[in-house]
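What follows is a short report on a single structure.
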Amino acid sequence: MSEISKTESYDDKIVRNFAWATILWGIVGMLVGVIIAAELFHPQISDPAKELSFGRIRPLHTNAVIFAFVGNGIFMGVYYSLQRLCRRRMFCDKLSKIHFWGWQAIIVAAAVTLPLGLSSAKEYAELEWPIDIAITLIWVVFGVNMIMTIIKRRESHMYVAIWFYLATFITVALLHVVNSMALPADFFKSYSMYAGVQDALIQWWYGHNAVAFFLTTPYLGLMYYFIPKASNRPVFSYRLSIIHFWSLIFIYIWAGPHHLLHTSLPDWCQTLGVVFSLMLIAPSWGGMLNGLLTLRGAWDKVRTEPVLKFMVVAITAYGMATFEGPLLSLRSLNSLTHYTDWTVAHVHVGGLGWNGYLTFGILYWIIPKLYKRELYSLKLANLHFWIGLIGIVLYAIPLYWAGVTQGIMWQQFNDNGTLTYGNFVETVDKIIPMYKLRALGGLLYLVGAIIMAWNLFKTAAGAKVEDESFQVVEKEHKEEKKLKGLIYSHRWLEGKTVLFSALTLVAVLIGGLFEIVPMYMVSSNVKKIDSVKPYTALEQYGRDIYVREGCYTCHSQMIRPFRAETERYGDFSRSGEFIYDRPFQWGSKRIGPDLARVGKRNLSNAWHYEHLMNPRSTSPTSIMPAYAFMKDDKVDQGFMERGIKTLTKLGVPYGKDYDKQAYADAMIQAEGIQKDLRDNGVEIDKDAEVIALIAYLQRLGMDYNPEQEGKELAEQKNEGEAK
């Protein structure tokens with residue numbers, strides 16, 4: 001049997017680039033997080049500049065942490081491990097460079113556009129359509145480079161980490177394309193192809209699975225590679241890895257509707273979300289146990305090696321988060337915790353603990369390898385570990401407490417049947433101390449990351465950088481160890497990269513199609529309400545302002561069918577009320593009251609004006625930022641006309657060529673609000689943005705008439721009996 005031997009080198013430069021980008025963007029994202037945490041008890045921070053308001057930079061924080069910090073961390077780990085698992089350099093160095101610089105350009109574009117209010121207002125998918133297209137193109141570049149490397153690998157065995165990398169590429173591509181479908185109105189404004197309930201389902205099908213397939217599956221792949229490397233131990237169970245992978249990717253995709261329990265989403269869809277969420281415990285904990293048991297025989301190293309300390313905490317946090325998530329999908333617990341800070345704590349246990357600590361552990365392991373130097377300071381690494389861990393505890397525990405406090409206070413009644421805390425601001429006042437502790441925890445976590453950055457910089461400083469070389473032995477024949485049963489079948493499948501990828505796609509498509517298709521094919525899922533009409537041109541423009549300012553980050557527009565909510569906000573929400581909402585604005589957190597029926601609260605135009613100019617003037621302890629700039633900023637006629645024209649194309653019944661008269665109609669409605677404000681001592685131009693926003697707020701909930709709905713249902717029943 002002849003052999004041909006040659007020497008090649010891995011492309012470690014791309015790994016180093018992604019490693020330093022991970023560190024840089026991690027610090028930036030965490031810094032923005034500390035700023036928005038401080039704004040929750042000191043809202044005046046944003047007064048000097050509208051670009052710093054909570055609603056605008058909260059999406060900046062989530063995008064920076066998810067796609068900049070975690071995203072670069074994923075690519076760092078994938079490029080390092082994939083080359084070594086495939087025993088070959090990446091397929092194309094140019095594609096690697098395009099991927100790196102393209103991804104950084106996308107991050108910079110997000111950092112510029114989100115504070116400017118250029119947002120689609122879809123959680124974890126706020127970036128507007130030109131950036132969405134760029135993400136798609138760069139993701140394809142990454143996928144082609146990765147898949148071709150896998151196809152041309154020299155190892156017949158496709159290691160478990162690679163399965164998770166493939167699932168990540170395939171599923172994120174599917175999620176991103178489907179959720180980002182929109183019709184542009186101009187270069188940085190678009191309207192979702194979906195409306196209301198259907199938009200909500202698509203968004204949380206995406207939102208939940210962005211957590212699943214961007215924050216979880218690639219990190220499980222990294223866990224399966226770096227835990228064995230750092231501990232010098234083999235993966236505990238290959239058979240468990242197979243079960244973990246296929247069950248996880250099949251079940252996860254179904255669980256999105258648990259974010260919409262007790263809403264206007266059809267009950268059958270909510271139930272599917274609950275059932276599959278509970279099933280998720282098994283594969284999630286299977287993966288966690290596989291990771292922890294890999295450390296068998298190496299636990300003595302955990303006491304002395306910071307890398308393993310970070311990784312153990314990361315896997316433990318993964319186990320906690322993936323146990324808590326299914327529990328939160330139980331209807332009884334969800335009714336207490338949803339819209340509260342409990343959800344924020346839950347997300348950050350996963351983000352800070354699982355993603356953050358695994359990333360830190362990998363960085364501490366990989367930088368010395370890349371620069372062929374010992375870590376500059378073990379003491380600093382251990383200091384980082386403990387400061388960060390204290391930060392996680394100080395962040396999470398106060399918010400769990402705040403969540404329970406909010407949930408109970410919202411639902412508490414007096415003996416006479418009235419709400420104990422009828423004024424929503426009272427429920428916010430009670431949790432301000434928890435917000436301060438949360439900010440302190442976030443600050444400590446940030447300090448830990450800065451210590452790490454200094455430690456790793458000193459490790460790399462002055463080092464001679466060389467790509468790692470390796471010996472390649474090409475053989476004419478290669479014998480495989482004889483395997484049986486499940487492992488034998490899976491090893492055969494691993495040799496068929498295209499078939500493996502196709503089966504992965506099928507596994508994730510089944511759940512998505514089963515939920516999404518009926519929502520569009522069965523009209524009864526969204527029951528029509530005849531009294532619901534499109535927004536006027538002025539109201540739609542006001543809604544666009546509401547979206548721009550990220551008001552959904554603090555206010556919901558979904559009244560659940562609970563006595564406490566109907567007493568506080570009005571009649572519960574129906575699916576047919578949202579058919580013209582692009583995007584939907586149900587929200588996921590209540591720092592302020594629900595606004596679904598704020599138009600029926602008989603609040604005057606003058607009250608809304610004063611509240612927007614200075615929230616403390618109407619609610620002395622309010623933590624809402626001021627929007628005084630809206631009295632000077634003017635309505636853009638061209639933007640209004642383009643928006644109406646685009647919505648008409650999407651099926652909103654404005655009538656042919658209505659966009660040409662939209663501005664004139666808007667100014668007629670604006671004059672009425674202007675006159676009412678003047679009568680109350682407020683002088684303002686009729687084309688001021690604040691007037692458009694007031695028009696939108698006064699419209700909310702006004703279309704729905706329960707008496708009219710009762711008549712319509714009776715008529716439908718009579719018609720049915722007659723037939």
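In the structure tokens, chains take letters A, B, ... by order of appearance, with residues numbered from 1 within each chain and ligands from 1 in the order shown.
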
**Asked** What are the DSSP alpha helix (DSSP H) residues of region 484-535 of chain A, as a PyMOL selection string?
**Response** chain A and resi 485-494+497-521

Using only N, CA and C atoms, please write the residues we just selected to a file, as a tab-separated table (two decimals), in the first residue's frame.
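Output contents, as saved in out31.tsv:
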chain	number	residue	atom	x	y	z
A	485	GLY	N	-24.77	-1.62	14.43
A	485	GLY	CA	-25.96	-0.96	14.93
A	485	GLY	C	-26.04	0.52	14.57
A	486	LEU	N	-26.54	1.30	15.52
A	486	LEU	CA	-26.77	2.73	15.31
A	486	LEU	C	-25.50	3.45	14.88
A	487	ILE	N	-24.40	3.13	15.54
A	487	ILE	CA	-23.14	3.82	15.23
A	487	ILE	C	-22.70	3.49	13.81
A	488	TYR	N	-22.84	2.23	13.41
A	488	TYR	CA	-22.47	1.85	12.04
A	488	TYR	C	-23.30	2.62	11.02
A	489	SER	N	-24.62	2.68	11.24
A	489	SER	CA	-25.52	3.37	10.31
A	489	SER	C	-25.18	4.85	10.24
A	490	HIS	N	-24.90	5.43	11.40
A	490	HIS	CA	-24.62	6.87	11.41
A	490	HIS	C	-23.26	7.17	10.78
A	491	ARG	N	-22.29	6.29	10.97
A	491	ARG	CA	-21.00	6.49	10.32
A	491	ARG	C	-21.15	6.45	8.80
A	492	TRP	N	-22.02	5.57	8.32
A	492	TRP	CA	-22.28	5.53	6.88
A	492	TRP	C	-22.87	6.86	6.42
A	493	LEU	N	-23.85	7.39	7.21
A	493	LEU	CA	-24.48	8.66	6.86
A	493	LEU	C	-23.48	9.81	6.89
A	494	GLU	N	-22.56	9.76	7.82
A	494	GLU	CA	-21.55	10.82	7.92
A	494	GLU	C	-20.68	10.90	6.67
A	497	THR	N	-22.11	13.70	2.92
A	497	THR	CA	-22.30	15.07	3.44
A	497	THR	C	-23.58	15.71	2.92
A	498	VAL	N	-23.84	15.56	1.63
A	498	VAL	CA	-25.03	16.18	1.04
A	498	VAL	C	-26.30	15.54	1.60
A	499	LEU	N	-26.32	14.20	1.70
A	499	LEU	CA	-27.48	13.51	2.25
A	499	LEU	C	-27.68	13.89	3.71
A	500	PHE	N	-26.61	13.96	4.48
A	500	PHE	CA	-26.69	14.36	5.88
A	500	PHE	C	-27.31	15.76	6.00
A	501	SER	N	-26.86	16.68	5.16
A	501	SER	CA	-27.39	18.05	5.18
A	501	SER	C	-28.86	18.07	4.78
A	502	ALA	N	-29.23	17.26	3.79
A	502	ALA	CA	-30.63	17.22	3.34
A	502	ALA	C	-31.54	16.69	4.43
A	503	LEU	N	-31.11	15.66	5.13
A	503	LEU	CA	-31.91	15.10	6.23
A	503	LEU	C	-32.04	16.10	7.37
A	504	THR	N	-30.99	16.87	7.60
A	504	THR	CA	-31.05	17.92	8.62
A	504	THR	C	-32.09	18.96	8.25
A	505	LEU	N	-32.10	19.36	6.99
A	505	LEU	CA	-33.10	20.33	6.52
A	505	LEU	C	-34.50	19.78	6.68
A	506	VAL	N	-34.72	18.52	6.33
A	506	VAL	CA	-36.04	17.90	6.48
A	506	VAL	C	-36.48	17.90	7.94
A	507	ALA	N	-35.55	17.58	8.83
A	507	ALA	CA	-35.87	17.51	10.26
A	507	ALA	C	-36.36	18.84	10.79
A	508	VAL	N	-35.76	19.95	10.33
A	508	VAL	CA	-36.19	21.26	10.84
A	508	VAL	C	-37.37	21.82	10.06
A	509	LEU	N	-37.56	21.36	8.82
A	509	LEU	CA	-38.69	21.85	8.02
A	509	LEU	C	-40.03	21.33	8.51
A	510	ILE	N	-40.05	20.10	8.99
A	510	ILE	CA	-41.32	19.46	9.34
A	510	ILE	C	-42.10	20.30	10.35
A	511	GLY	N	-41.44	20.64	11.45
A	511	GLY	CA	-42.13	21.41	12.49
A	511	GLY	C	-42.56	22.78	12.01
A	512	GLY	N	-41.68	23.46	11.27
A	512	GLY	CA	-42.02	24.79	10.78
A	512	GLY	C	-43.21	24.79	9.85
A	513	LEU	N	-43.22	23.87	8.91
A	513	LEU	CA	-44.32	23.80	7.96
A	513	LEU	C	-45.63	23.42	8.64
A	514	PHE	N	-45.56	22.53	9.63
A	514	PHE	CA	-46.76	22.06	10.31
A	514	PHE	C	-47.45	23.20	11.07
A	515	GLU	N	-46.66	24.17	11.52
A	515	GLU	CA	-47.24	25.32	12.25
A	515	GLU	C	-47.62	26.45	11.31
A	516	ILE	N	-46.76	26.75	10.33
A	516	ILE	CA	-46.94	27.96	9.53
A	516	ILE	C	-48.00	27.80	8.45
A	517	VAL	N	-48.00	26.66	7.75
A	517	VAL	CA	-48.92	26.48	6.63
A	517	VAL	C	-50.39	26.62	7.04
A	518	PRO	N	-50.86	25.95	8.11
A	518	PRO	CA	-52.27	26.12	8.50
A	518	PRO	C	-52.64	27.56	8.85
A	519	MET	N	-51.66	28.33	9.36
A	519	MET	CA	-51.96	29.72	9.71
A	519	MET	C	-52.30	30.55	8.48
A	520	TYR	N	-51.89	30.11	7.30
A	520	TYR	CA	-52.19	30.83	6.08
A	520	TYR	C	-53.30	30.18	5.27
A	521	MET	N	-53.47	28.86	5.44
A	521	MET	CA	-54.45	28.13	4.63
A	521	MET	C	-55.83	28.09	5.27

**Request:** Write out as a ChimeraX atom specification each polymer residue whose atoms come within 10 Å of region 187-196 of chain A, counting only C-alpha atoms; drop sequence neighbours fewer than 6 positions from it.
**Result:** /A:113,117-120,122,127-131,178-181,202-203,264-265,520,526,544,548,575-586,639,642-643,646-647,650-651

Write the residues of the preceding selection, restricted to C-alpha atoms, as a PDB file, in the first residue's frame.
ATOM      1  CA  THR A 113     -28.621  52.309  11.796  1.00  0.00           C
ATOM      2  CA  GLY A 117     -34.141  54.496  14.500  1.00  0.00           C
ATOM      3  CA  LEU A 118     -33.813  52.483  11.278  1.00  0.00           C
ATOM      4  CA  SER A 119     -35.413  49.320  12.584  1.00  0.00           C
ATOM      5  CA  SER A 120     -37.946  46.711  11.483  1.00  0.00           C
ATOM      6  CA  LYS A 122     -38.882  42.484  14.992  1.00  0.00           C
ATOM      7  CA  LEU A 127     -32.001  45.235  10.944  1.00  0.00           C
ATOM      8  CA  GLU A 128     -33.556  46.673   7.804  1.00  0.00           C
ATOM      9  CA  TRP A 129     -33.737  45.018   4.400  1.00  0.00           C
ATOM     10  CA  PRO A 130     -30.378  46.078   2.807  1.00  0.00           C
ATOM     11  CA  ILE A 131     -28.525  44.692   5.838  1.00  0.00           C
ATOM     12  CA  VAL A 178     -38.470  33.467   5.872  1.00  0.00           C
ATOM     13  CA  ASN A 179     -38.656  35.987   8.728  1.00  0.00           C
ATOM     14  CA  SER A 180     -37.020  38.799   6.759  1.00  0.00           C
ATOM     15  CA  MET A 181     -39.507  38.745   3.880  1.00  0.00           C
ATOM     16  CA  ILE A 202     -43.313  33.808  12.044  1.00  0.00           C
ATOM     17  CA  GLN A 203     -41.367  36.167  14.301  1.00  0.00           C
ATOM     18  CA  SER A 264     -54.537  35.771  20.101  1.00  0.00           C
ATOM     19  CA  LEU A 265     -52.542  32.931  18.545  1.00  0.00           C
ATOM     20  CA  TYR A 520     -52.187  30.831   6.076  1.00  0.00           C
ATOM     21  CA  VAL A 526     -57.658  34.797  12.111  1.00  0.00           C
ATOM     22  CA  ASP A 544     -43.977  54.169  12.018  1.00  0.00           C
ATOM     23  CA  ARG A 548     -38.736  53.687  15.019  1.00  0.00           C
ATOM     24  CA  SER A 575     -56.815  37.978  16.377  1.00  0.00           C
ATOM     25  CA  GLY A 576     -58.846  39.982  13.856  1.00  0.00           C
ATOM     26  CA  GLU A 577     -57.785  43.299  15.410  1.00  0.00           C
ATOM     27  CA  PHE A 578     -54.251  43.056  14.057  1.00  0.00           C
ATOM     28  CA  ILE A 579     -54.794  42.336  10.363  1.00  0.00           C
ATOM     29  CA  TYR A 580     -53.261  45.696   9.323  1.00  0.00           C
ATOM     30  CA  ASP A 581     -50.327  45.622  11.754  1.00  0.00           C
ATOM     31  CA  ARG A 582     -47.031  45.296   9.860  1.00  0.00           C
ATOM     32  CA  PRO A 583     -45.068  44.435  11.917  1.00  0.00           C
ATOM     33  CA  PHE A 584     -47.117  43.211  14.877  1.00  0.00           C
ATOM     34  CA  GLN A 585     -46.328  45.024  18.145  1.00  0.00           C
ATOM     35  CA  TRP A 586     -47.365  42.583  20.872  1.00  0.00           C
ATOM     36  CA  PHE A 639     -41.954  59.077   3.285  1.00  0.00           C
ATOM     37  CA  ARG A 642     -44.131  55.863  -0.105  1.00  0.00           C
ATOM     38  CA  GLY A 643     -45.316  54.057   3.025  1.00  0.00           C
ATOM     39  CA  THR A 646     -46.118  50.066  -0.180  1.00  0.00           C
ATOM     40  CA  LEU A 647     -48.853  49.035   2.248  1.00  0.00           C
ATOM     41  CA  LEU A 650     -49.286  44.448   0.459  1.00  0.00           C
ATOM     42  CA  GLY A 651     -53.078  44.371   0.423  1.00  0.00           C
TER      43      GLY A 651
END

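Restricting the calculation to only C-alpha atoms, the smallest distance between Gly221 (chain A) and any of A:Tyr364, A:Tyr371, A:Trp163, A:Phe250 is found for A:Trp163.
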
**Message:** Quick check, in Å to one decimal: how far apart do CA of Tyr124 (chain A) and CA of Glu565 (chain A) lie?
**Reply:**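 Distance between the two atoms: 27.0 Å.
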
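If you look at CA of Val312 (chain A) and CA of Ile227 (chain A), they are 9.0 Å away from each other.
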
**Item:** Polymer residues at most 8 Å from Asn382 (chain A), only C-alpha atoms, same-chain spacing of 4 or more positions, as a count of residues only
**Value:** 3

**Prompt:** Quick one: residues within 7 Å of region 397-411 of chain A, only C-alpha atoms counted, chain neighbours fewer than 2 positions away excluded, as a PyMOL selection string?
**Reply:** chain A and resi 336-337+340-342+345+393-395+413+421+427+431+434+437-438+564

**Prompt:** What lies within 8 Å of Pro561 (chain A) using only C-alpha atoms, ignoring chain neighbours under 5 positions off, as a ChimeraX atom specification?
**Reply:** /A:262-263,566,571-573

**Request:** Name the residues in contact with Glu671 (chain A) at a cut-off of 12 Å, using only C-alpha atoms, excluding same-chain residues fewer than 3 positions from it; report them as a VMD selection string.
**Result:** chain A and resid 538 664 to 668 674 to 678 683 to 688 691 to 692 695

Restricting it to C-alpha atoms, dump the selection as a PDB file, in the first residue's frame.
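Saved file result33.pdb follows:
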ATOM      1  CA  LEU A 538     -51.492  60.188   9.871  1.00  0.00           C
ATOM      2  CA  ALA A 664     -53.493  66.172   2.501  1.00  0.00           C
ATOM      3  CA  ASP A 665     -55.833  63.854   4.452  1.00  0.00           C
ATOM      4  CA  ALA A 666     -53.215  63.499   7.190  1.00  0.00           C
ATOM      5  CA  MET A 667     -52.914  67.268   7.613  1.00  0.00           C
ATOM      6  CA  ILE A 668     -56.706  67.609   7.914  1.00  0.00           C
ATOM      7  CA  GLN A 674     -53.473  70.867  16.703  1.00  0.00           C
ATOM      8  CA  LYS A 675     -56.620  72.887  17.507  1.00  0.00           C
ATOM      9  CA  ASP A 676     -57.378  70.745  20.564  1.00  0.00           C
ATOM     10  CA  LEU A 677     -53.814  71.227  21.839  1.00  0.00           C
ATOM     11  CA  ARG A 678     -54.033  74.983  21.206  1.00  0.00           C
ATOM     12  CA  GLU A 683     -48.807  75.896  20.387  1.00  0.00           C
ATOM     13  CA  ILE A 684     -47.360  73.464  17.845  1.00  0.00           C
ATOM     14  CA  ASP A 685     -47.154  73.023  14.075  1.00  0.00           C
ATOM     15  CA  LYS A 686     -49.642  70.567  12.593  1.00  0.00           C
ATOM     16  CA  ASP A 687     -46.888  68.614  10.817  1.00  0.00           C
ATOM     17  CA  ALA A 688     -44.917  67.928  14.011  1.00  0.00           C
ATOM     18  CA  ILE A 691     -49.088  64.963  16.499  1.00  0.00           C
ATOM     19  CA  ALA A 692     -48.802  61.875  14.284  1.00  0.00           C
ATOM     20  CA  ALA A 695     -53.059  60.217  16.474  1.00  0.00           C
TER      21      ALA A 695
END

**Request:** For Gly441 (chain A), work out the shell of residues within 9 Å, counting only C-alpha atoms and skipping chain neighbours fewer than 2 positions away, then give it as a list in words.
**Result:**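 Non-adjacent residues within range: Val34, Gly388, Ile390, Gly391, Ile392, Val393, Leu394, Tyr395, Ala396, Lys436, Leu437, Arg438, Ala439, Leu443, Leu444, Tyr445 and Leu446 of chain A.
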
Dump of all heavy atoms for the selected residues, as a tab-separated table (two decimals), in the first residue's frame:
chain	number	residue	atom	x	y	z
A	34	VAL	N	-24.83	47.79	29.89
A	34	VAL	CA	-24.74	48.50	31.17
A	34	VAL	C	-25.43	49.86	31.07
A	34	VAL	O	-26.13	50.29	32.00
A	34	VAL	CB	-23.26	48.67	31.59
A	34	VAL	CG1	-23.14	49.60	32.80
A	34	VAL	CG2	-22.64	47.31	31.92
A	388	GLY	N	-16.83	37.74	37.09
A	388	GLY	CA	-17.93	37.47	36.15
A	388	GLY	C	-19.02	36.65	36.78
A	388	GLY	O	-20.21	36.90	36.56
A	390	ILE	N	-19.85	36.42	40.00
A	390	ILE	CA	-20.60	37.28	40.92
A	390	ILE	C	-21.52	38.21	40.13
A	390	ILE	O	-22.66	38.46	40.53
A	390	ILE	CB	-19.63	38.10	41.81
A	390	ILE	CG1	-18.86	37.16	42.75
A	390	ILE	CG2	-20.37	39.15	42.61
A	390	ILE	CD1	-17.70	37.83	43.47
A	391	GLY	N	-21.02	38.70	38.98
A	391	GLY	CA	-21.85	39.55	38.13
A	391	GLY	C	-23.09	38.84	37.64
A	391	GLY	O	-24.19	39.41	37.63
A	392	ILE	N	-22.95	37.57	37.24
A	392	ILE	CA	-24.12	36.79	36.78
A	392	ILE	C	-25.14	36.64	37.90
A	392	ILE	O	-26.35	36.81	37.70
A	392	ILE	CB	-23.67	35.40	36.27
A	392	ILE	CG1	-22.82	35.53	35.00
A	392	ILE	CG2	-24.89	34.52	35.98
A	392	ILE	CD1	-22.19	34.23	34.54
A	393	VAL	N	-24.65	36.32	39.08
A	393	VAL	CA	-25.55	36.13	40.24
A	393	VAL	C	-26.27	37.44	40.57
A	393	VAL	O	-27.49	37.45	40.78
A	393	VAL	CB	-24.76	35.63	41.46
A	393	VAL	CG1	-25.63	35.64	42.71
A	393	VAL	CG2	-24.22	34.22	41.20
A	394	LEU	N	-25.51	38.55	40.60
A	394	LEU	CA	-26.13	39.85	40.91
A	394	LEU	C	-27.07	40.31	39.81
A	394	LEU	O	-27.98	41.10	40.06
A	394	LEU	CB	-25.04	40.91	41.12
A	394	LEU	CG	-24.32	40.88	42.47
A	394	LEU	CD1	-23.23	41.94	42.51
A	394	LEU	CD2	-25.30	41.08	43.62
A	395	TYR	N	-26.86	39.84	38.61
A	395	TYR	CA	-27.76	40.17	37.51
A	395	TYR	C	-29.04	39.35	37.58
A	395	TYR	O	-30.15	39.89	37.52
A	395	TYR	CB	-27.07	39.90	36.16
A	395	TYR	CG	-27.82	40.47	34.98
A	395	TYR	CD1	-27.38	41.62	34.34
A	395	TYR	CD2	-29.00	39.88	34.52
A	395	TYR	CE1	-28.07	42.16	33.26
A	395	TYR	CE2	-29.70	40.41	33.45
A	395	TYR	CZ	-29.23	41.54	32.83
A	395	TYR	OH	-29.94	42.08	31.78
A	396	ALA	N	-28.90	38.04	37.72
A	396	ALA	CA	-30.05	37.15	37.56
A	396	ALA	C	-30.98	37.13	38.77
A	396	ALA	O	-32.21	37.26	38.62
A	396	ALA	CB	-29.56	35.73	37.26
A	436	LYS	N	-31.16	48.38	39.94
A	436	LYS	CA	-29.83	48.90	40.30
A	436	LYS	C	-28.85	47.76	40.55
A	436	LYS	O	-27.68	47.83	40.13
A	436	LYS	CB	-29.95	49.79	41.54
A	436	LYS	CG	-30.70	51.09	41.27
A	436	LYS	CD	-30.83	51.95	42.52
A	436	LYS	CE	-31.56	53.26	42.20
A	436	LYS	NZ	-31.75	54.11	43.40
A	437	LEU	N	-29.32	46.69	41.20
A	437	LEU	CA	-28.46	45.53	41.42
A	437	LEU	C	-28.11	44.86	40.09
A	437	LEU	O	-26.99	44.41	39.88
A	437	LEU	CB	-29.15	44.53	42.35
A	437	LEU	CG	-29.14	44.86	43.85
A	437	LEU	CD1	-29.99	43.86	44.61
A	437	LEU	CD2	-27.71	44.85	44.39
A	438	ARG	N	-29.10	44.80	39.19
A	438	ARG	CA	-28.86	44.23	37.86
A	438	ARG	C	-27.76	44.99	37.13
A	438	ARG	O	-26.87	44.41	36.52
A	438	ARG	CB	-30.17	44.25	37.05
A	438	ARG	CG	-30.07	43.62	35.66
A	438	ARG	CD	-29.91	44.66	34.55
A	438	ARG	NE	-31.10	45.42	34.32
A	438	ARG	CZ	-32.07	45.04	33.50
A	438	ARG	NH1	-31.98	43.92	32.82
A	438	ARG	NH2	-33.11	45.81	33.33
A	439	ALA	N	-27.82	46.33	37.20
A	439	ALA	CA	-26.80	47.15	36.55
A	439	ALA	C	-25.42	46.90	37.15
A	439	ALA	O	-24.41	46.83	36.43
A	439	ALA	CB	-27.15	48.63	36.66
A	443	LEU	N	-22.18	45.49	35.23
A	443	LEU	CA	-20.92	46.21	35.27
A	443	LEU	C	-19.76	45.29	35.68
A	443	LEU	O	-18.67	45.34	35.09
A	443	LEU	CB	-21.02	47.38	36.25
A	443	LEU	CG	-19.77	48.25	36.42
A	443	LEU	CD1	-19.39	48.90	35.09
A	443	LEU	CD2	-20.00	49.32	37.49
A	444	LEU	N	-19.99	44.44	36.67
A	444	LEU	CA	-18.96	43.49	37.09
A	444	LEU	C	-18.60	42.53	35.95
A	444	LEU	O	-17.43	42.21	35.74
A	444	LEU	CB	-19.42	42.70	38.32
A	444	LEU	CG	-19.48	43.47	39.64
A	444	LEU	CD1	-20.07	42.60	40.74
A	444	LEU	CD2	-18.09	43.95	40.04
A	445	TYR	N	-19.62	42.08	35.23
A	445	TYR	CA	-19.38	41.17	34.10
A	445	TYR	C	-18.53	41.86	33.04
A	445	TYR	O	-17.62	41.26	32.47
A	445	TYR	CB	-20.72	40.74	33.52
A	445	TYR	CG	-20.65	39.51	32.63
A	445	TYR	CD1	-20.72	38.24	33.17
A	445	TYR	CD2	-20.52	39.64	31.25
A	445	TYR	CE1	-20.67	37.10	32.36
A	445	TYR	CE2	-20.46	38.52	30.44
A	445	TYR	CZ	-20.54	37.26	31.00
A	445	TYR	OH	-20.48	36.14	30.19
A	446	LEU	N	-18.82	43.14	32.78
A	446	LEU	CA	-18.05	43.93	31.82
A	446	LEU	C	-16.60	44.09	32.29
A	446	LEU	O	-15.66	43.95	31.50
A	446	LEU	CB	-18.70	45.30	31.62
A	446	LEU	CG	-17.92	46.33	30.81
A	446	LEU	CD1	-17.66	45.85	29.40
A	446	LEU	CD2	-18.65	47.67	30.80

**From A:Ser241, A:Gln669, A:Ser329, A:Asn455, residue lying nearest Val274 (chain A) [only C-alpha atoms]** =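 Between A:Ser241, A:Gln669, A:Ser329, A:Asn455, the residue approaching Val274 (chain A) most closely is A:Ser329.
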